[in-house]
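Report on one structure; see the data block that follows.
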Amino acid sequence: MITQTNKPVTRKLFKKIAPPFYRSATALIVTSLIICTNVFAQEKTLTLDEAVKLGIENSKILKLSQSKIDQAVSQYNQAKDKALPTGSAGLTYYRAETPVNSLAFGGSTISIPKNTNLYLGTVSLNEVIFAGGKYKYAQESTKLLTQVSRLDADKDKDQITYDVISSFYNLYKVLQSKKVVAQNLSSIDQQIKQSQRFFDQGLVTKNDVLRFQLQYANVELNGIDLENNRKIINFNLDILLGLPETTQISINQIREADRQVNSLSSYIDTAMLSRQEVQQLQLQSKVAETNIKSIRANRLPTLSAAASGYYADLAANPLPKSGNYITPVTVGLTFGWNFSSLWTNKNKVSEAKIQREQVSINQGITADNIRNDVNTSYENYTTALNKIKLLQTSIDQASENDKILESKYKSNIASATDRADAEILLYQAQINLELAKADAGLAYYTLLKSTGKLNKQ
C-alpha cells in the first residue's frame with residue numbers, strides 16, 4: 001500500500017520513479033469517487049423521443065402558453081355574451097316626512113299625510129336588435145385572436161422540442177468524445193508500457209518514453225474539459241426535462257443522419273405553408289379587415305327593444321296588499337343614430353387601414369426571413385452530410401497510417417515522434433467523425449424546425 005504524502009517534492013519523485021503504478025492508483029481513486037457519486041445520483045437512459053416527450057410534458061413555458069389560450073377563449077366567450085339581452089332588477093324604499101302638510105285654496109284646505117312610505121320596484125330587459133354588426137365583428141376578431149394564441153403555443157412547443165433536441169445532441173457529442181478519449185488513453189498506456197520495455201532494452205531513448213507520457217497527459221486534460229461540459233449540459237437537460245438535478249442522463253443511441261435530402265425549393269414551399277409566423281400573419285390580416293368593418297359600423301344607427309315592469313306600494317309593509325300598489329308594464333323600441341360619426345369616424349378608419357398595410361408589409365418581411373432561415377438550415381445540413389463522408393475517408397487513411405507506423409515503430413524503423421503523431425491524427429479523426437454525426441443530426445432537426453414541421457413528422 002502506498003502512503004499518500006502532502007509534500008509536492010515527494011509526489012513528483014514518486015511519479016518519476018513509478019509512473020505506471022501511480023497512474024493505476026490515480027485511476028483507482030477516480031473510479032472510487034465516481035462510484036460514490038453514482039450512489040447519490042440517479043441514472044436515466046433516454047431515447048430522443050422520450051426526452052422530447054418529457055420536455056413537453058414538464059415545460060413551464062407550455063403551461064403558460066395554455067393559460068394564454070384559455071384567456072383568449074374566455075375573451076371570445078365574453079364577446080359572444082355582449083350579444084345577449086341585458087337585464088336588471090331593483091327595489092327602492094322612500095320615506096317622506098312633511099312637517100307642514102296642509103294647503104289652503106280659497107275656502108278649502110287640502111291636507112296630506114305628515115309621513116309616507118313608498119316602495120318602488122323595477123325589472124327591465126333590453127335587447128339590441130341591430131348595432132351595425134359591431135357585436136358580430138367583435139366575435140370574429142376575438143375568435144381569430146384565439147387562433148393566434150394557439151399558434152403561439154405551437155411555436156413555443158417547437159422551440160421547447162428544439163431546445164431538448166439540441167441539448168440531447170450536445171450531450172451525445174460529449175459522451176461520444178469521452179468514449180474516444182477512454183479508448184485513446186488505453187491505447188497510449190499500452191504504448192507507454194511498450195516504449196518503457198524498449199527503453200529498458202536500450203532500443204529507444206528516454207525522450208521517446210516521455211513523448212508518449214506527454215501525449216497521455218494531453219488526452220487526460222481533454223477528458224477533464226469534456227467531463228466539465230458534460231456536467232453543465234446534463235444539468236441543463238435535467239431542468240428542461242423536469243428531472244431531479246442530480247439525474248445522470250445516458251443516451252440510448254441516436255438515429256444516424258442518413259435521411260434523404262429534398263430540393264431547397266420544396267423545403268421553402270413547406271415552410272410557407274407550415275410556419276406558425278405565416279399563419280399568424282394571415283390571421284392578423286383578417287383581424288385588421290374585421291377591425292375596419294367594426295369601425296365603419298359605428299356610422300350606422302342602432303335599434304333596440306326594451307321591456308320594463310314596475311311595482312309601486314305606498315303601504316308601510318312592502319308586501320303586496322290589494323288596493324295598495326300598482327304594477328305598470330312598458331314595452332318599447334329605441335332607434336338611435338349618432339350621425340356625428342359620419343365625419344368623426346373617418347380618421348379611425350384610416351388608422352385601421354394603415355394597420356392592415358403594416359400587417360401586409362410584415363408578411364413580406366417574414367417571408368424573406370423564412371427563406372433565409374430555410375436556406376441556411378438546408379446548407380448546414382448538406383454540408384454536415386458531406387463532412388461525414390470526408391471524415392470517414394480521413395479515418396480510413398489515418399487508421400492505415402497508424403498501423404503502418406505502429407509496425408515500423410515495433411521494428412525500430414520509425415521514431416516515437418512519428419508513432420505519437422500517427423495516433424494523434426487517428427484520435428482527432430475519430431472525434432471529428434463523432435462530432436460531425438451529431439452535428440448532422442442536429443442540423444436535420446434545425447431544418448425541420450425552419451420548415452415548421454418539427455412536431456409534425
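Lettering and numbering for the C-alpha cells are positional, with chains as A, B, ... in the shown order, residues counted from 1 in each chain, and ligands counted from 1 in the shown order.
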Skipping near chain neighbours, those fewer than 2 positions away, what residues fall within 12 Å of region 293-302 of chain A using only C-alpha atoms, listed as a count of residues only? 45
Dump as a Markdown table the rows for residues of region 104-164 of chain A within 10 Å of region 225-242 of chain A: closest atom pair and distance in Å with one decimal, only C-alpha atoms counted, ordered by chain and rising residue number.
| residue | atom | partner | partner_atom | distance |
| --- | --- | --- | --- | --- |
| A:Ile160 | CA | A:Leu240 | CA | 8.2 |
| A:Thr161 | CA | A:Leu240 | CA | 9.8 |
| A:Asp163 | CA | A:Leu240 | CA | 8.1 |
| A:Val164 | CA | A:Leu240 | CA | 6.8 |
How would the residues just picked look written out with N, CA, C and O atoms as a tab-separated table (two decimals), in the first residue's frame?
chain	number	residue	atom	x	y	z
A	160	ILE	N	-39.41	24.48	-27.51
A	160	ILE	CA	-39.07	23.57	-26.42
A	160	ILE	C	-38.51	22.27	-26.98
A	160	ILE	O	-37.49	21.74	-26.50
A	161	THR	N	-39.17	21.74	-28.00
A	161	THR	CA	-38.71	20.50	-28.63
A	161	THR	C	-37.29	20.66	-29.17
A	161	THR	O	-36.43	19.80	-28.97
A	163	ASP	N	-35.02	22.88	-28.24
A	163	ASP	CA	-34.07	23.04	-27.14
A	163	ASP	C	-33.67	21.69	-26.54
A	163	ASP	O	-32.51	21.45	-26.21
A	164	VAL	N	-34.67	20.81	-26.39
A	164	VAL	CA	-34.38	19.47	-25.86
A	164	VAL	C	-33.49	18.70	-26.82
A	164	VAL	O	-32.50	18.08	-26.42
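Pairwise distance (CA of Ile292 (chain A), CA of Arg150 (chain A)) equals 23.8 Å.
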Within 9 Å of Leu448 (chain A), counting only C-alpha atoms, which residues qualify if same-chain residues fewer than 6 places away don't, as a PyMOL selection string? chain A and resi 267+374+377+454-455+457
Filtering to C-alpha atoms, could you give me those residues as a PDB file, in the first residue's frame?
ATOM      1  CA  TYR A 267     -38.402  22.934 -48.070  1.00  0.00           C
ATOM      2  CA  VAL A 374     -34.589  27.576 -44.507  1.00  0.00           C
ATOM      3  CA  SER A 377     -30.507  25.300 -42.358  1.00  0.00           C
ATOM      4  CA  LEU A 454     -40.571  19.742 -36.189  1.00  0.00           C
ATOM      5  CA  ASN A 455     -43.601  18.344 -34.312  1.00  0.00           C
ATOM      6  CA  GLN A 457     -43.330  14.485 -38.771  1.00  0.00           C
TER       7      GLN A 457
END
If you run DSSP on this backbone, which residues of region 55-211 of chain A come out as strand (DSSP E), and could you give them as a PyMOL selection string? chain A and resi 86-97+102-105+108-111+115-130
9 Å contact set for region 396-401 of chain A, only C-alpha atoms, chain neighbours under 2 positions out, as a VMD selection string: chain A and resid 391 to 394 403 to 406 422 to 423 425 to 427 429
Filtering to N, CA, C and O atoms, could you give me those residues as an mmCIF file, in the first residue's frame?
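As written to disk, result29.cif reads:
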data_model
loop_
_atom_site.group_PDB
_atom_site.id
_atom_site.type_symbol
_atom_site.label_atom_id
_atom_site.label_comp_id
_atom_site.auth_asym_id
_atom_site.auth_seq_id
_atom_site.Cartn_x
_atom_site.Cartn_y
_atom_site.Cartn_z
ATOM 1 N N LEU A 391 -14.839 12.739 -43.559
ATOM 2 C CA LEU A 391 -14.193 12.308 -42.317
ATOM 3 C C LEU A 391 -14.078 10.794 -42.242
ATOM 4 O O LEU A 391 -13.138 10.268 -41.642
ATOM 5 N N GLN A 392 -15.038 10.084 -42.826
ATOM 6 C CA GLN A 392 -14.938 8.633 -42.854
ATOM 7 C C GLN A 392 -13.731 8.208 -43.667
ATOM 8 O O GLN A 392 -12.970 7.300 -43.284
ATOM 9 N N THR A 393 -13.529 8.882 -44.792
ATOM 10 C CA THR A 393 -12.333 8.619 -45.605
ATOM 11 C C THR A 393 -11.069 8.973 -44.828
ATOM 12 O O THR A 393 -10.062 8.248 -44.879
ATOM 13 N N SER A 394 -11.127 10.089 -44.112
ATOM 14 C CA SER A 394 -9.982 10.519 -43.311
ATOM 15 C C SER A 394 -9.628 9.495 -42.247
ATOM 16 O O SER A 394 -8.445 9.231 -41.992
ATOM 17 N N LYS A 403 -1.452 2.000 -38.453
ATOM 18 C CA LYS A 403 -0.993 0.604 -38.476
ATOM 19 C C LYS A 403 0.428 0.498 -39.040
ATOM 20 O O LYS A 403 1.267 -0.255 -38.531
ATOM 21 N N ILE A 404 0.664 1.258 -40.109
ATOM 22 C CA ILE A 404 1.990 1.215 -40.734
ATOM 23 C C ILE A 404 3.062 1.696 -39.760
ATOM 24 O O ILE A 404 4.122 1.057 -39.582
ATOM 25 N N LEU A 405 2.793 2.829 -39.115
ATOM 26 C CA LEU A 405 3.791 3.392 -38.202
ATOM 27 C C LEU A 405 3.945 2.557 -36.945
ATOM 28 O O LEU A 405 5.016 2.512 -36.338
ATOM 29 N N GLU A 406 2.863 1.904 -36.503
ATOM 30 C CA GLU A 406 2.970 1.017 -35.352
ATOM 31 C C GLU A 406 3.915 -0.140 -35.678
ATOM 32 O O GLU A 406 4.780 -0.515 -34.865
ATOM 33 N N ALA A 422 0.986 9.811 -35.462
ATOM 34 C CA ALA A 422 0.005 8.978 -36.156
ATOM 35 C C ALA A 422 -1.192 8.691 -35.261
ATOM 36 O O ALA A 422 -2.344 8.710 -35.708
ATOM 37 N N GLU A 423 -0.931 8.424 -33.996
ATOM 38 C CA GLU A 423 -2.038 8.167 -33.059
ATOM 39 C C GLU A 423 -2.883 9.419 -32.834
ATOM 40 O O GLU A 423 -4.104 9.345 -32.731
ATOM 41 N N LEU A 425 -3.376 11.845 -34.978
ATOM 42 C CA LEU A 425 -4.184 12.051 -36.174
ATOM 43 C C LEU A 425 -5.412 11.135 -36.178
ATOM 44 O O LEU A 425 -6.530 11.567 -36.510
ATOM 45 N N LEU A 426 -5.208 9.883 -35.806
ATOM 46 C CA LEU A 426 -6.330 8.949 -35.752
ATOM 47 C C LEU A 426 -7.321 9.343 -34.665
ATOM 48 O O LEU A 426 -8.542 9.317 -34.878
ATOM 49 N N TYR A 427 -6.782 9.713 -33.509
ATOM 50 C CA TYR A 427 -7.620 10.150 -32.384
ATOM 51 C C TYR A 427 -8.475 11.362 -32.766
ATOM 52 O O TYR A 427 -9.688 11.413 -32.538
ATOM 53 N N ALA A 429 -9.293 12.348 -35.816
ATOM 54 C CA ALA A 429 -10.247 11.971 -36.866
ATOM 55 C C ALA A 429 -11.459 11.262 -36.265
ATOM 56 O O ALA A 429 -12.600 11.485 -36.698
#
Which distance in Å separates CA of Ala367 (chain A) and CA of Lys143 (chain A), to one decimal? 24.7 Å
What's the separation between CA of Gln176 (chain A) and CA of Ser407 (chain A), in Å to one decimal place? 28.2 Å
I want to know what sits within 12 Å of Pro99 (chain A), based on only C-alpha atoms, with residues of the same chain fewer than 6 positions away left out; could you give that as a list in words?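 Neighbouring residues, sequence-local ones excluded: Ser111, Ile112, Pro113, Lys114, Asn115 and Thr116 of chain A.
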Using N, CA, C and O atoms, can you write the selected residues to a file as a CSV table (one decimal), in the first residue's frame?
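The new file selection-v4.csv reads:
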chain,number,residue,atom,x,y,z
A,111,SER,N,-105.1,68.6,2.8
A,111,SER,CA,-104.1,68.1,3.7
A,111,SER,C,-103.6,66.8,3.2
A,111,SER,O,-104.3,66.0,2.6
A,112,ILE,N,-102.3,66.6,3.4
A,112,ILE,CA,-101.6,65.3,3.0
A,112,ILE,C,-101.0,64.7,4.3
A,112,ILE,O,-100.8,65.4,5.3
A,113,PRO,N,-100.7,63.4,4.3
A,113,PRO,CA,-100.1,62.8,5.5
A,113,PRO,C,-98.8,63.4,5.9
A,113,PRO,O,-98.0,63.9,5.0
A,114,LYS,N,-98.5,63.5,7.2
A,114,LYS,CA,-97.3,64.0,7.6
A,114,LYS,C,-96.1,63.1,7.3
A,114,LYS,O,-94.9,63.6,7.2
A,115,ASN,N,-96.3,61.8,7.1
A,115,ASN,CA,-95.2,60.9,6.7
A,115,ASN,C,-95.8,59.9,5.7
A,115,ASN,O,-97.0,59.5,5.8
A,116,THR,N,-95.0,59.4,4.8
A,116,THR,CA,-95.4,58.5,3.8
A,116,THR,C,-94.3,57.5,3.5
A,116,THR,O,-93.1,57.9,3.4
Between A:Leu390, A:Val209, A:Thr47, A:Ala316, which one has atoms that come closest to Tyr94 (chain A), using only C-alpha atoms?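 That would be A:Ala316, the residue with the smallest distance to Tyr94 (chain A).
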